[in-house]
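Text of the file entry.cif, holding mmCIF, C-alpha atoms:
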data_coords
#
loop_
_atom_site.label_atom_id
_atom_site.label_comp_id
_atom_site.auth_asym_id
_atom_site.auth_seq_id
_atom_site.Cartn_x
_atom_site.Cartn_y
_atom_site.Cartn_z
CA MET Q 1 54.20 52.99 -27.62
CA ASN Q 2 57.66 53.89 -26.47
CA LEU Q 3 59.07 52.01 -23.52
CA THR Q 4 62.21 52.96 -21.77
CA ARG Q 5 64.58 50.27 -20.74
CA ARG Q 6 63.70 50.89 -17.09
CA GLU Q 7 59.95 50.44 -17.74
CA ALA Q 8 60.58 47.23 -19.70
CA ILE Q 9 62.64 45.77 -16.85
CA ILE Q 10 59.96 46.73 -14.30
CA ARG Q 11 57.21 45.12 -16.40
CA LEU Q 12 59.29 41.97 -16.93
CA ALA Q 13 60.03 41.69 -13.21
CA THR Q 14 56.35 42.19 -12.40
CA ALA Q 15 55.31 39.48 -14.88
CA MET Q 16 57.89 37.04 -13.51
CA GLY Q 17 56.85 37.76 -9.92
CA ALA Q 18 53.19 37.30 -10.78
CA SER Q 19 53.94 33.95 -12.42
CA ILE Q 20 55.49 32.75 -9.17
CA VAL Q 21 53.10 34.28 -6.63
CA GLY Q 22 49.87 34.18 -8.66
CA PRO Q 23 49.25 30.42 -8.66
CA ARG Q 24 49.86 30.25 -4.92
CA LEU Q 25 47.30 32.97 -4.30
CA LEU Q 26 44.78 31.25 -6.56
CA ALA Q 27 45.39 27.88 -4.91
CA ALA Q 28 44.71 29.26 -1.42
CA PRO Q 29 41.19 28.62 -0.15
CA LEU Q 30 39.02 31.69 -0.49
CA SER Q 31 35.99 30.21 1.21
CA GLY Q 32 36.92 31.40 4.69
CA GLU Q 33 36.89 27.85 6.06
CA ARG Q 34 38.97 27.33 9.13
CA PRO Q 35 42.24 25.52 8.52
CA HIS Q 36 42.43 22.04 9.95
CA GLY Q 37 44.81 22.41 12.84
CA PHE Q 38 45.20 20.33 15.91
CA SER Q 39 45.48 21.64 19.45
CA ALA Q 40 48.24 20.64 21.82
CA GLY Q 41 45.71 18.39 23.55
CA ASP Q 42 44.93 16.65 20.25
CA LEU Q 43 48.64 16.01 19.68
CA VAL Q 44 49.01 14.55 23.18
CA LEU Q 45 45.97 12.32 22.57
CA MET Q 46 47.32 11.11 19.20
CA ASN Q 47 50.74 10.46 20.77
CA GLU Q 48 49.14 8.39 23.53
CA ILE Q 49 46.97 6.45 21.09
CA GLY Q 50 50.07 5.72 19.00
CA GLU Q 51 52.00 4.66 22.11
CA THR Q 52 49.17 2.31 23.07
CA ILE Q 53 49.25 0.74 19.59
CA ILE Q 54 53.08 0.53 19.46
CA PRO Q 55 54.35 0.72 23.04
CA ALA Q 56 57.95 1.19 24.03
CA THR Q 57 59.79 -2.03 24.82
CA ASP Q 58 63.51 -2.51 24.38
CA ILE Q 59 63.08 -0.06 21.50
CA PRO Q 60 61.29 3.31 21.59
CA GLY Q 61 57.56 3.36 20.99
CA ALA Q 62 55.40 5.51 18.74
CA LYS Q 63 55.42 8.51 21.07
CA ALA Q 64 59.22 8.73 20.80
CA VAL Q 65 59.01 9.34 17.05
CA GLY Q 66 56.42 12.12 17.42
CA ILE Q 67 53.58 10.11 15.95
CA GLY Q 68 50.98 12.73 16.93
CA GLU Q 69 52.70 15.42 14.87
CA PHE Q 70 53.03 12.98 11.96
CA MET Q 71 49.30 12.16 12.08
CA ALA Q 72 48.37 15.85 12.24
CA MET Q 73 50.58 16.61 9.24
CA MET Q 74 49.18 13.71 7.20
CA VAL Q 75 45.57 14.58 8.00
CA SER Q 76 46.05 18.31 7.35
CA GLU Q 77 48.02 17.97 4.13
CA CYS Q 78 46.86 14.72 2.54
CA MET Q 79 43.13 14.48 3.21
CA ASP Q 80 40.23 16.42 1.81
CA THR Q 81 37.96 18.50 4.04
CA ALA Q 82 35.37 15.76 4.57
CA GLU Q 83 38.03 13.25 5.61
CA GLN Q 84 39.64 15.80 7.92
CA ASP Q 85 36.29 16.54 9.55
CA ALA Q 86 35.57 12.82 10.01
CA PHE Q 87 39.00 12.27 11.58
CA GLU Q 88 38.64 15.22 13.97
CA GLU Q 89 35.11 14.14 14.95
CA GLY Q 90 36.30 10.59 15.51
CA LEU Q 91 39.20 11.75 17.65
CA ALA Q 92 36.82 13.81 19.79
CA GLU Q 93 34.40 10.86 19.95
CA LEU Q 94 37.19 8.53 21.09
CA ALA Q 95 38.28 10.95 23.82
CA ALA Q 96 34.71 11.47 25.03
CA ALA Q 97 33.89 7.74 25.05
CA TYR Q 98 37.04 6.92 27.02
CA ARG Q 99 36.34 9.72 29.51
CA ALA Q 100 32.74 8.53 29.95
CA LYS Q 101 33.81 4.94 30.58
CA HIS Q 102 36.89 5.46 32.75
CA LYS Q 103 36.21 8.93 34.26
CA VAL Q 104 39.68 10.13 33.22
CA ASP Q 105 41.24 11.45 30.00
CA PHE Q 106 42.82 8.91 27.65
CA ALA Q 107 46.32 10.34 28.22
CA ALA Q 108 45.96 9.88 31.99
CA GLY Q 109 44.40 6.41 31.76
CA ARG Q 110 46.04 3.19 32.80
CA PRO Q 111 47.85 1.39 29.95
CA GLU Q 112 45.75 -1.78 30.33
CA ASP Q 113 42.51 0.26 30.19
CA ARG Q 114 43.70 2.10 27.09
CA THR Q 115 44.69 -1.17 25.39
CA GLU Q 116 41.33 -2.77 26.22
CA PHE Q 117 39.48 0.31 24.95
CA LEU Q 118 41.38 0.40 21.63
CA ASN Q 119 40.99 -3.38 21.20
CA ARG Q 120 37.22 -2.96 21.58
CA LEU Q 121 37.24 -0.27 18.88
CA ASP Q 122 39.30 -2.56 16.66
CA ARG Q 123 36.81 -5.43 17.14
CA GLU Q 124 33.94 -3.06 16.26
CA LEU Q 125 35.78 -1.99 13.12
CA ARG Q 126 36.58 -5.54 12.01
CA GLY Q 127 33.03 -6.73 12.77
CA SER Q 128 31.38 -4.01 10.69
CA ARG Q 129 30.62 -3.88 7.00
CA PRO Q 130 32.94 -1.85 4.75
CA GLY Q 131 32.29 1.86 5.30
CA GLU Q 132 30.59 1.28 8.66
CA GLY Q 133 32.03 1.24 12.17
CA PRO Q 134 34.68 3.58 13.57
CA GLN Q 135 36.51 4.40 10.30
CA TYR Q 136 38.54 7.11 12.01
CA PHE Q 137 40.14 4.35 14.08
CA ARG Q 138 41.30 2.57 10.93
CA VAL Q 139 42.98 5.82 9.87
CA LEU Q 140 44.56 6.21 13.33
CA LYS Q 141 46.00 2.70 13.16
CA GLU Q 142 47.23 3.07 9.59
CA LEU Q 143 48.89 6.42 10.27
CA THR Q 144 50.51 5.04 13.42
CA LEU Q 145 52.03 2.12 11.52
CA LEU Q 146 53.06 4.25 8.55
CA GLY Q 147 54.62 6.97 10.70
CA TYR Q 148 56.43 4.59 13.02
CA PHE Q 149 57.86 2.19 10.46
CA THR Q 150 59.00 4.98 8.14
CA SER Q 151 60.72 6.85 10.96
CA GLU Q 152 64.42 6.37 11.66
CA VAL Q 153 63.64 4.45 14.85
CA GLY Q 154 61.19 2.16 13.08
CA CYS Q 155 63.51 1.51 10.14
CA THR Q 156 66.72 0.97 12.07
CA GLN Q 157 65.70 -0.28 15.53
CA ALA Q 158 62.32 -2.00 15.13
CA LEU Q 159 63.39 -3.66 11.88
CA ARG Q 160 66.75 -4.91 10.67
CA TYR Q 161 67.86 -2.37 8.11
CA GLU Q 162 69.91 -3.40 5.11
CA GLU Q 163 70.20 -0.83 2.36
CA VAL Q 164 71.11 -3.49 -0.19
CA PRO Q 165 69.78 -6.77 1.17
CA GLY Q 166 71.24 -9.04 -1.50
CA ARG Q 167 69.48 -11.86 -3.26
CA TYR Q 168 66.10 -13.28 -2.35
CA ASP Q 169 66.30 -16.34 -0.15
CA GLY Q 170 62.85 -17.80 0.50
CA ASN Q 171 64.33 -20.37 2.84
CA ALA Q 172 66.40 -18.06 5.04
CA PRO Q 173 66.75 -19.34 8.59
CA TYR Q 174 64.68 -17.57 11.22
CA ARG Q 175 65.32 -17.58 14.92
CA LYS Q 176 62.48 -16.73 17.28
CA GLY Q 177 62.61 -13.08 18.30
CA GLU Q 178 64.50 -11.83 15.24
CA ARG Q 179 63.27 -8.61 13.72
CA GLY Q 180 62.03 -8.45 10.14
CA PHE Q 181 63.94 -6.73 7.37
CA TYR Q 182 63.37 -3.24 6.03
CA ASN Q 183 64.63 -3.01 2.46
CA LEU Q 184 64.83 -0.04 0.18
#

structure tokens encoding of this file:
Amino acid sequence: MNLTRREAIIRLATAMGASIVGPRLLAAPLSGERPHGFSAGDLVLMNEIGETIIPATDIPGAKAVGIGEFMAMMVSECMDTAEQDAFEEGLAELAAAYRAKHKVDFAAGRPEDRTEFLNRLDRELRGSRPGEGPQYFRVLKELTLLGYFTSEVGCTQALRYEEVPGRYDGNAPYRKGERGFYNL
């Protein structure tokens, strides 16, 4: 078999391109399942839930760091299909239960009603056996805390940030109202 230099270069380029593109094509889902995406309404709902859990005070709250977008990204990219489905169903269940009780959407509800509603869900979760109760709410809370306290606002304004905190001092003085430390 005689190959010209041009044919050899074309075959080499094709092989290199296939080695880059091929795994991505094989990794893509071929089942035709819908991708787990969140609507604008879902993002608003997740932002409001996050803001109810970590409200704005003298520092910005969870909504200011875009907690809804963070939750959507974490659910879409870090959870398997069953977990994604459970989260989406739970989010819809939460919205429907709030609407049924207060006759208004969660995002339009009064802050004290939203806090009371989420506290009730939290009590249900804590009072249930492992694996029972509103597990989606545990994920909502965990993602809110993770997203907020790893954001720039959470690291630098909600906590005292020191890149190199120094030695450990187990008897460091504490004054009421001081923020905790965030150390790398």

For range 100-114 of chain Q, list every protein, DNA or RNA residue within 9 Å, evaluated using only C-alpha atoms, and leave out those in the same chain fewer than 2 positions away; present the list as a ChimeraX atom specification. /Q:44-45,47-49,52,94-98,116-119

Applied to this file, what does the PyMOL selection byres ((chain Q and resi 71-85) around 9) return in terms of residues, put as a list in words?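 Output from the PyMOL selection byres ((chain Q and resi 71-85) around 9), applied to this file: Pro35, His36, Gly37, Phe38, Asp42, Leu43, Met46, Asn47, Gly66, Ile67, Gly68, Glu69, Phe70, Ala86, Phe87, Glu88, Glu89, Gly90, Tyr136, Leu140, Leu143, Thr144 and Gly147 of chain Q.
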
Restricting the calculation to only C-alpha atoms, which member of Q:Tyr168, Q:Arg99, Q:Ile53, Q:Lys63 is positioned closest to Asp122 in chain Q?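 When distances to Asp122 in chain Q are compared using only C-alpha atoms, the smallest one comes from Q:Ile53.
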
Figure out the distance between CA of Glu93 in chain Q and CA of Glu142 in chain Q, please, to one decimal in Å.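 Distance reported for this atom pair: 18.2 Å.
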
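The space separating CA of Leu145 in chain Q from CA of Arg167 in chain Q comes to 26.8 Å.
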
Mind pulling up the distance from CA of Gln157 in chain Q to CA of Pro173 in chain Q?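 Straight-line distance from CA of Pro173 in chain Q to CA of Gln157 in chain Q works out to 20.3 Å.
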